[in-house]
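K.L.:
The following file, target_4.cif, comprises mmCIF, C-alpha atoms:
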data_upload
loop_
_atom_site.group_PDB
_atom_site.id
_atom_site.type_symbol
_atom_site.label_atom_id
_atom_site.label_comp_id
_atom_site.auth_asym_id
_atom_site.auth_seq_id
_atom_site.Cartn_x
_atom_site.Cartn_y
_atom_site.Cartn_z
ATOM 1 C CA MET A 1320 112.337 52.284 48.466
ATOM 2 C CA ARG A 1321 115.235 50.166 47.316
ATOM 3 C CA ILE A 1322 117.723 49.248 50.020
ATOM 4 C CA SER A 1323 120.610 49.778 47.600
ATOM 5 C CA ASN A 1324 119.772 53.500 47.465
ATOM 6 C CA LEU A 1325 120.529 53.894 51.193
ATOM 7 C CA ASN A 1326 124.171 54.679 50.496
ATOM 8 C CA VAL A 1327 125.148 57.544 52.830
ATOM 9 C CA ARG A 1328 125.529 57.583 56.599
ATOM 10 C CA ILE A 1329 123.809 60.368 58.564
ATOM 11 C CA THR A 1330 123.623 61.127 62.274
ATOM 12 C CA PHE A 1331 120.657 62.663 64.048
ATOM 13 C CA GLN A 1332 121.524 64.917 66.965
ATOM 14 C CA LYS A 1333 119.185 65.963 69.757
ATOM 15 C CA ASN A 1334 119.259 69.316 71.533
ATOM 16 C CA ALA A 1335 119.546 68.854 75.294
ATOM 17 C CA VAL A 1336 119.996 71.146 78.280
ATOM 18 C CA VAL A 1337 123.094 70.293 80.311
ATOM 19 C CA ILE A 1338 123.686 71.499 83.876
ATOM 20 C CA ASP A 1339 127.307 71.936 84.951
ATOM 21 C CA LYS A 1340 128.778 71.587 88.475
ATOM 22 C CA ILE A 1341 127.740 75.063 89.594
ATOM 23 C CA GLY A 1342 124.218 74.954 88.150
ATOM 24 C CA ASN A 1343 124.613 76.764 84.829
ATOM 25 C CA HIS A 1344 122.242 75.596 82.078
ATOM 26 C CA THR A 1345 123.658 75.300 78.556
ATOM 27 C CA ASN A 1346 122.319 73.835 75.317
ATOM 28 C CA GLU A 1347 124.297 70.983 73.849
ATOM 29 C CA TRP A 1348 123.838 68.749 70.796
ATOM 30 C CA LYS A 1349 124.219 65.028 71.519
ATOM 31 C CA ASP A 1350 124.235 62.155 69.037
ATOM 32 C CA TYR A 1351 120.836 60.462 69.056
ATOM 33 C CA TYR A 1352 120.772 57.959 66.185
ATOM 34 C CA SER A 1353 122.861 57.050 63.156
ATOM 35 C CA CYS A 1354 121.624 55.255 60.041
ATOM 36 C CA TYR A 1355 121.925 54.999 56.275
ATOM 37 C CA ALA A 1356 119.892 57.331 54.072
ATOM 38 C CA THR A 1357 119.140 58.341 50.511
ATOM 39 C CA VAL A 1358 119.955 61.925 49.551
ATOM 40 C CA SER A 1359 117.639 63.613 47.052
ATOM 41 C CA GLY A 1360 116.263 66.964 45.996
ATOM 42 C CA GLU A 1361 119.508 68.868 46.343
ATOM 43 C CA THR A 1362 118.986 72.510 45.432
ATOM 44 C CA GLY A 1363 121.162 75.516 45.986
ATOM 45 C CA THR A 1364 120.882 79.247 45.518
ATOM 46 C CA GLU A 1365 123.080 82.205 46.292
ATOM 47 C CA GLN A 1366 121.848 85.251 48.127
ATOM 48 C CA ALA A 1367 123.476 88.551 49.069
ATOM 49 C CA ILE A 1368 123.048 89.371 52.755
ATOM 50 C CA VAL A 1369 124.702 92.492 54.179
ATOM 51 C CA GLY A 1370 127.253 92.623 51.379
ATOM 52 C CA GLU A 1371 128.172 88.953 51.688
ATOM 53 C CA THR A 1372 127.184 86.202 49.271
ATOM 54 C CA VAL A 1373 125.807 83.169 51.103
ATOM 55 C CA GLU A 1374 124.687 79.823 49.763
ATOM 56 C CA ASN A 1375 121.255 78.379 50.592
ATOM 57 C CA VAL A 1376 121.360 74.600 50.200
ATOM 58 C CA GLU A 1377 118.260 72.438 50.672
ATOM 59 C CA VAL A 1378 118.348 68.652 50.612
ATOM 60 C CA CYS A 1379 116.044 65.752 51.483
ATOM 61 C CA PHE A 1380 117.108 62.643 53.405
ATOM 62 C CA SER A 1381 114.987 59.473 53.214
ATOM 63 C CA VAL A 1382 115.480 56.770 55.859
ATOM 64 C CA ARG A 1383 113.840 53.481 56.736
ATOM 65 C CA TYR A 1384 111.225 53.617 59.474
ATOM 66 C CA CYS A 1385 112.048 52.689 63.075
ATOM 67 C CA GLU A 1386 110.646 53.731 66.455
ATOM 68 C CA LYS A 1387 113.537 56.101 67.276
ATOM 69 C CA ILE A 1388 113.209 57.897 63.937
ATOM 70 C CA SER A 1389 109.428 58.213 64.167
ATOM 71 C CA SER A 1390 109.673 60.450 67.252
ATOM 72 C CA ILE A 1391 111.951 63.042 65.612
ATOM 73 C CA ILE A 1392 110.516 66.553 65.315
ATOM 74 C CA SER A 1393 112.010 69.477 63.459
ATOM 75 C CA THR A 1394 112.457 71.805 66.436
ATOM 76 C CA LYS A 1395 114.666 69.619 68.648
ATOM 77 C CA TYR A 1396 116.791 67.649 66.175
ATOM 78 C CA ARG A 1397 119.288 68.211 63.366
ATOM 79 C CA ILE A 1398 121.222 66.036 60.912
ATOM 80 C CA ILE A 1399 124.983 65.702 60.431
ATOM 81 C CA PHE A 1400 126.006 64.654 56.905
ATOM 82 C CA ARG A 1401 129.633 64.753 55.693
ATOM 83 C CA ASN A 1402 130.626 66.934 58.667
ATOM 84 C CA GLU A 1403 128.029 69.542 57.708
ATOM 85 C CA ILE A 1404 125.032 70.530 59.844
ATOM 86 C CA TYR A 1405 121.531 70.437 58.363
ATOM 87 C CA ASP A 1406 118.530 71.920 60.171
ATOM 88 C CA ILE A 1407 115.347 69.869 59.766
ATOM 89 C CA MET A 1408 112.583 71.997 58.250
ATOM 90 C CA ALA A 1409 109.886 69.330 57.779
ATOM 91 C CA VAL A 1410 109.254 65.627 58.353
ATOM 92 C CA ASP A 1411 107.156 63.641 55.875
ATOM 93 C CA HIS A 1412 105.688 60.386 57.274
ATOM 94 C CA PHE A 1413 104.221 59.270 53.901
ATOM 95 C CA SER A 1414 100.676 58.675 55.189
ATOM 96 C CA TYR A 1415 102.023 56.888 58.278
ATOM 97 C CA THR A 1416 102.706 53.660 56.356
ATOM 98 C CA LYS A 1417 105.652 52.899 58.686
ATOM 99 C CA LYS A 1418 107.965 52.126 55.758
ATOM 100 C CA TYR A 1419 110.183 55.197 55.543
ATOM 101 C CA LEU A 1420 110.439 58.888 56.460
ATOM 102 C CA LYS A 1421 111.663 61.888 54.503
ATOM 103 C CA PHE A 1422 113.378 64.853 56.160
ATOM 104 C CA LYS A 1423 113.517 68.158 54.280
ATOM 105 C CA CYS A 1424 116.571 70.042 55.504
ATOM 106 C CA ARG A 1425 118.513 73.271 55.027
ATOM 107 C CA LYS A 1426 122.255 73.563 55.464
ATOM 108 C CA ALA A 1427 123.018 75.576 58.612
ATOM 109 C CA ARG A 1428 125.223 78.647 58.387
ATOM 110 C CA ARG A 1429 128.098 78.767 60.806
#
Render the structure in this file as structure tokens.
P.N.:
Amino acid sequence: MRISNLNVRITFQKNAVVIDKIGNHTNEWKDYYSCYATVSGETGTEQAIVGETVENVEVCFSVRYCEKISSIISTKYRIIFRNEIYDIMAVDHFSYTKKYLKFKCRKARR
């Protein structure tokens, strides 16, 4: 991977349970780690759901390896890129070479 290709900034967010003053439990997304990434594999399709046309966008983010990134799993983390939310569908460790990781993501519907 060429370092010059890491040209966009992304932020990983972690899902955490927060307890308020009276003991209520709520889920909250908190910033976990921010780094530069390469964006690739952008695909998009349109689909009609209940009379509404929605866009399905899939994209891959490749980042350099570090200890914080290596512990990310798809069920508890998401990615913020250009103020859009991307749900992580899969993490590719590239044979655990500890050089870089690739995250296959889908744009979240709001």
K.L.:
With only C-alpha atoms as the counted atoms, please give the residues lying no more than 10 Å from region 1393-1410 of chain A, apart from itself and same-chain residues fewer than 6 positions off, as a PyMOL selection string.
P.N.:
chain A and resi 1327-1335+1348-1353+1356+1358+1376-1381+1420-1429
K.L.:
Translate the PyMOL selection byres ((chain A and resi 1386) around 12), as applied to the file shown, into an explicit residue set as number ranges by chain.
P.N.:
A: 1352, 1383-1385, 1387-1391, 1417-1420
K.L.:
Rounded to one decimal place, report the CA of Gly1342 (chain A)-CA of Ile1392 (chain A) distance in Å.
P.N.:
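Between CA of Gly1342 (chain A) and CA of Ile1392 (chain A) the gap works out to 27.9 Å.
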K.L.:
Please measure the separation of CA of Phe1413 (chain A) and CA of Arg1321 (chain A), giving the value in Å to one decimal.
P.N.:
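Spanning CA of Phe1413 (chain A) to CA of Arg1321 (chain A) is a straight-line distance of 15.7 Å.
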K.L.:
Which one of A:Asn1375, A:Tyr1355, A:Asp1411, A:Thr1416 sits closest to Asn1324 (chain A) if you count only C-alpha atoms?
P.N.:
A:Tyr1355
K.L.:
Separation of CA of Tyr1415 (chain A) and CA of Val1382 (chain A), in Å?
P.N.:
13.7 Å
K.L.:
Need to verify the contact set: Val1336 (chain A), 7 Å, only C-alpha atoms, exclusion of same-chain residues closer than 3 positions in sequence. Can you return it as a list in words?
P.N.:
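Surrounding residues, per the criterion: His1344, Thr1345, Asn1346 and Glu1347 of chain A.
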K.L.:
Restricted to C-alpha atoms, what would the selected residues look like written as a CSV table (one decimal), in the coordinates of the input?
P.N.:
chain,number,residue,atom,x,y,z
A,1344,HIS,CA,122.2,75.6,82.1
A,1345,THR,CA,123.7,75.3,78.6
A,1346,ASN,CA,122.3,73.8,75.3
A,1347,GLU,CA,124.3,71.0,73.8
K.L.:
Could region 1382-1408 of chain A be completed with N, CA and C atoms and returned as a PDB file, in the coordinates of the input?
P.N.:
ATOM      1  N   VAL A1382     114.959  57.863  55.030  1.00  0.00           N
ATOM      2  CA  VAL A1382     115.480  56.770  55.859  1.00  0.00           C
ATOM      3  C   VAL A1382     114.387  55.733  56.090  1.00  0.00           C
ATOM      4  N   ARG A1383     114.803  54.526  56.408  1.00  0.00           N
ATOM      5  CA  ARG A1383     113.840  53.481  56.736  1.00  0.00           C
ATOM      6  C   ARG A1383     113.210  53.767  58.092  1.00  0.00           C
ATOM      7  N   TYR A1384     111.982  53.361  58.255  1.00  0.00           N
ATOM      8  CA  TYR A1384     111.225  53.617  59.474  1.00  0.00           C
ATOM      9  C   TYR A1384     111.762  52.784  60.639  1.00  0.00           C
ATOM     10  N   CYS A1385     111.825  53.392  61.811  1.00  0.00           N
ATOM     11  CA  CYS A1385     112.048  52.689  63.075  1.00  0.00           C
ATOM     12  C   CYS A1385     111.459  53.556  64.179  1.00  0.00           C
ATOM     13  N   GLU A1386     111.290  53.012  65.352  1.00  0.00           N
ATOM     14  CA  GLU A1386     110.646  53.731  66.455  1.00  0.00           C
ATOM     15  C   GLU A1386     111.421  54.997  66.857  1.00  0.00           C
ATOM     16  N   LYS A1387     112.753  54.927  66.884  1.00  0.00           N
ATOM     17  CA  LYS A1387     113.537  56.101  67.276  1.00  0.00           C
ATOM     18  C   LYS A1387     113.382  57.230  66.262  1.00  0.00           C
ATOM     19  N   ILE A1388     113.348  56.889  64.997  1.00  0.00           N
ATOM     20  CA  ILE A1388     113.209  57.897  63.937  1.00  0.00           C
ATOM     21  C   ILE A1388     111.810  58.504  63.942  1.00  0.00           C
ATOM     22  N   SER A1389     110.811  57.720  64.243  1.00  0.00           N
ATOM     23  CA  SER A1389     109.428  58.213  64.167  1.00  0.00           C
ATOM     24  C   SER A1389     109.129  59.320  65.182  1.00  0.00           C
ATOM     25  N   SER A1390     109.922  59.430  66.228  1.00  0.00           N
ATOM     26  CA  SER A1390     109.673  60.450  67.252  1.00  0.00           C
ATOM     27  C   SER A1390     110.421  61.764  66.986  1.00  0.00           C
ATOM     28  N   ILE A1391     111.169  61.842  65.911  1.00  0.00           N
ATOM     29  CA  ILE A1391     111.951  63.042  65.612  1.00  0.00           C
ATOM     30  C   ILE A1391     111.043  64.173  65.133  1.00  0.00           C
ATOM     31  N   ILE A1392     111.242  65.357  65.739  1.00  0.00           N
ATOM     32  CA  ILE A1392     110.516  66.553  65.315  1.00  0.00           C
ATOM     33  C   ILE A1392     111.538  67.602  64.874  1.00  0.00           C
ATOM     34  N   SER A1393     111.081  68.533  64.081  1.00  0.00           N
ATOM     35  CA  SER A1393     112.010  69.477  63.459  1.00  0.00           C
ATOM     36  C   SER A1393     112.617  70.486  64.427  1.00  0.00           C
ATOM     37  N   THR A1394     111.980  70.751  65.542  1.00  0.00           N
ATOM     38  CA  THR A1394     112.457  71.805  66.436  1.00  0.00           C
ATOM     39  C   THR A1394     113.552  71.361  67.400  1.00  0.00           C
ATOM     40  N   LYS A1395     113.704  70.078  67.646  1.00  0.00           N
ATOM     41  CA  LYS A1395     114.666  69.619  68.648  1.00  0.00           C
ATOM     42  C   LYS A1395     115.777  68.738  68.094  1.00  0.00           C
ATOM     43  N   TYR A1396     115.806  68.538  66.780  1.00  0.00           N
ATOM     44  CA  TYR A1396     116.791  67.649  66.175  1.00  0.00           C
ATOM     45  C   TYR A1396     117.441  68.312  64.965  1.00  0.00           C
ATOM     46  N   ARG A1397     118.609  67.803  64.588  1.00  0.00           N
ATOM     47  CA  ARG A1397     119.288  68.211  63.366  1.00  0.00           C
ATOM     48  C   ARG A1397     120.031  66.996  62.810  1.00  0.00           C
ATOM     49  N   ILE A1398     120.545  67.141  61.595  1.00  0.00           N
ATOM     50  CA  ILE A1398     121.222  66.036  60.912  1.00  0.00           C
ATOM     51  C   ILE A1398     122.654  66.448  60.597  1.00  0.00           C
ATOM     52  N   ILE A1399     123.589  65.522  60.811  1.00  0.00           N
ATOM     53  CA  ILE A1399     124.983  65.702  60.431  1.00  0.00           C
ATOM     54  C   ILE A1399     125.243  64.793  59.233  1.00  0.00           C
ATOM     55  N   PHE A1400     125.707  65.397  58.127  1.00  0.00           N
ATOM     56  CA  PHE A1400     126.006  64.654  56.905  1.00  0.00           C
ATOM     57  C   PHE A1400     127.301  65.209  56.322  1.00  0.00           C
ATOM     58  N   ARG A1401     128.308  64.366  56.200  1.00  0.00           N
ATOM     59  CA  ARG A1401     129.633  64.753  55.693  1.00  0.00           C
ATOM     60  C   ARG A1401     130.197  65.955  56.451  1.00  0.00           C
ATOM     61  N   ASN A1402     130.121  65.891  57.761  1.00  0.00           N
ATOM     62  CA  ASN A1402     130.626  66.934  58.667  1.00  0.00           C
ATOM     63  C   ASN A1402     129.970  68.293  58.464  1.00  0.00           C
ATOM     64  N   GLU A1403     128.807  68.317  57.865  1.00  0.00           N
ATOM     65  CA  GLU A1403     128.029  69.542  57.708  1.00  0.00           C
ATOM     66  C   GLU A1403     126.749  69.404  58.518  1.00  0.00           C
ATOM     67  N   ILE A1404     126.241  70.525  59.020  1.00  0.00           N
ATOM     68  CA  ILE A1404     125.032  70.530  59.844  1.00  0.00           C
ATOM     69  C   ILE A1404     123.846  70.924  58.984  1.00  0.00           C
ATOM     70  N   TYR A1405     122.765  70.156  59.092  1.00  0.00           N
ATOM     71  CA  TYR A1405     121.531  70.437  58.363  1.00  0.00           C
ATOM     72  C   TYR A1405     120.383  70.568  59.361  1.00  0.00           C
ATOM     73  N   ASP A1406     119.696  71.700  59.328  1.00  0.00           N
ATOM     74  CA  ASP A1406     118.530  71.920  60.171  1.00  0.00           C
ATOM     75  C   ASP A1406     117.322  71.264  59.509  1.00  0.00           C
ATOM     76  N   ILE A1407     116.542  70.534  60.283  1.00  0.00           N
ATOM     77  CA  ILE A1407     115.347  69.869  59.766  1.00  0.00           C
ATOM     78  C   ILE A1407     114.227  70.903  59.670  1.00  0.00           C
ATOM     79  N   MET A1408     113.678  71.051  58.466  1.00  0.00           N
ATOM     80  CA  MET A1408     112.583  71.997  58.250  1.00  0.00           C
ATOM     81  C   MET A1408     111.230  71.301  58.290  1.00  0.00           C
TER      82      MET A1408
END
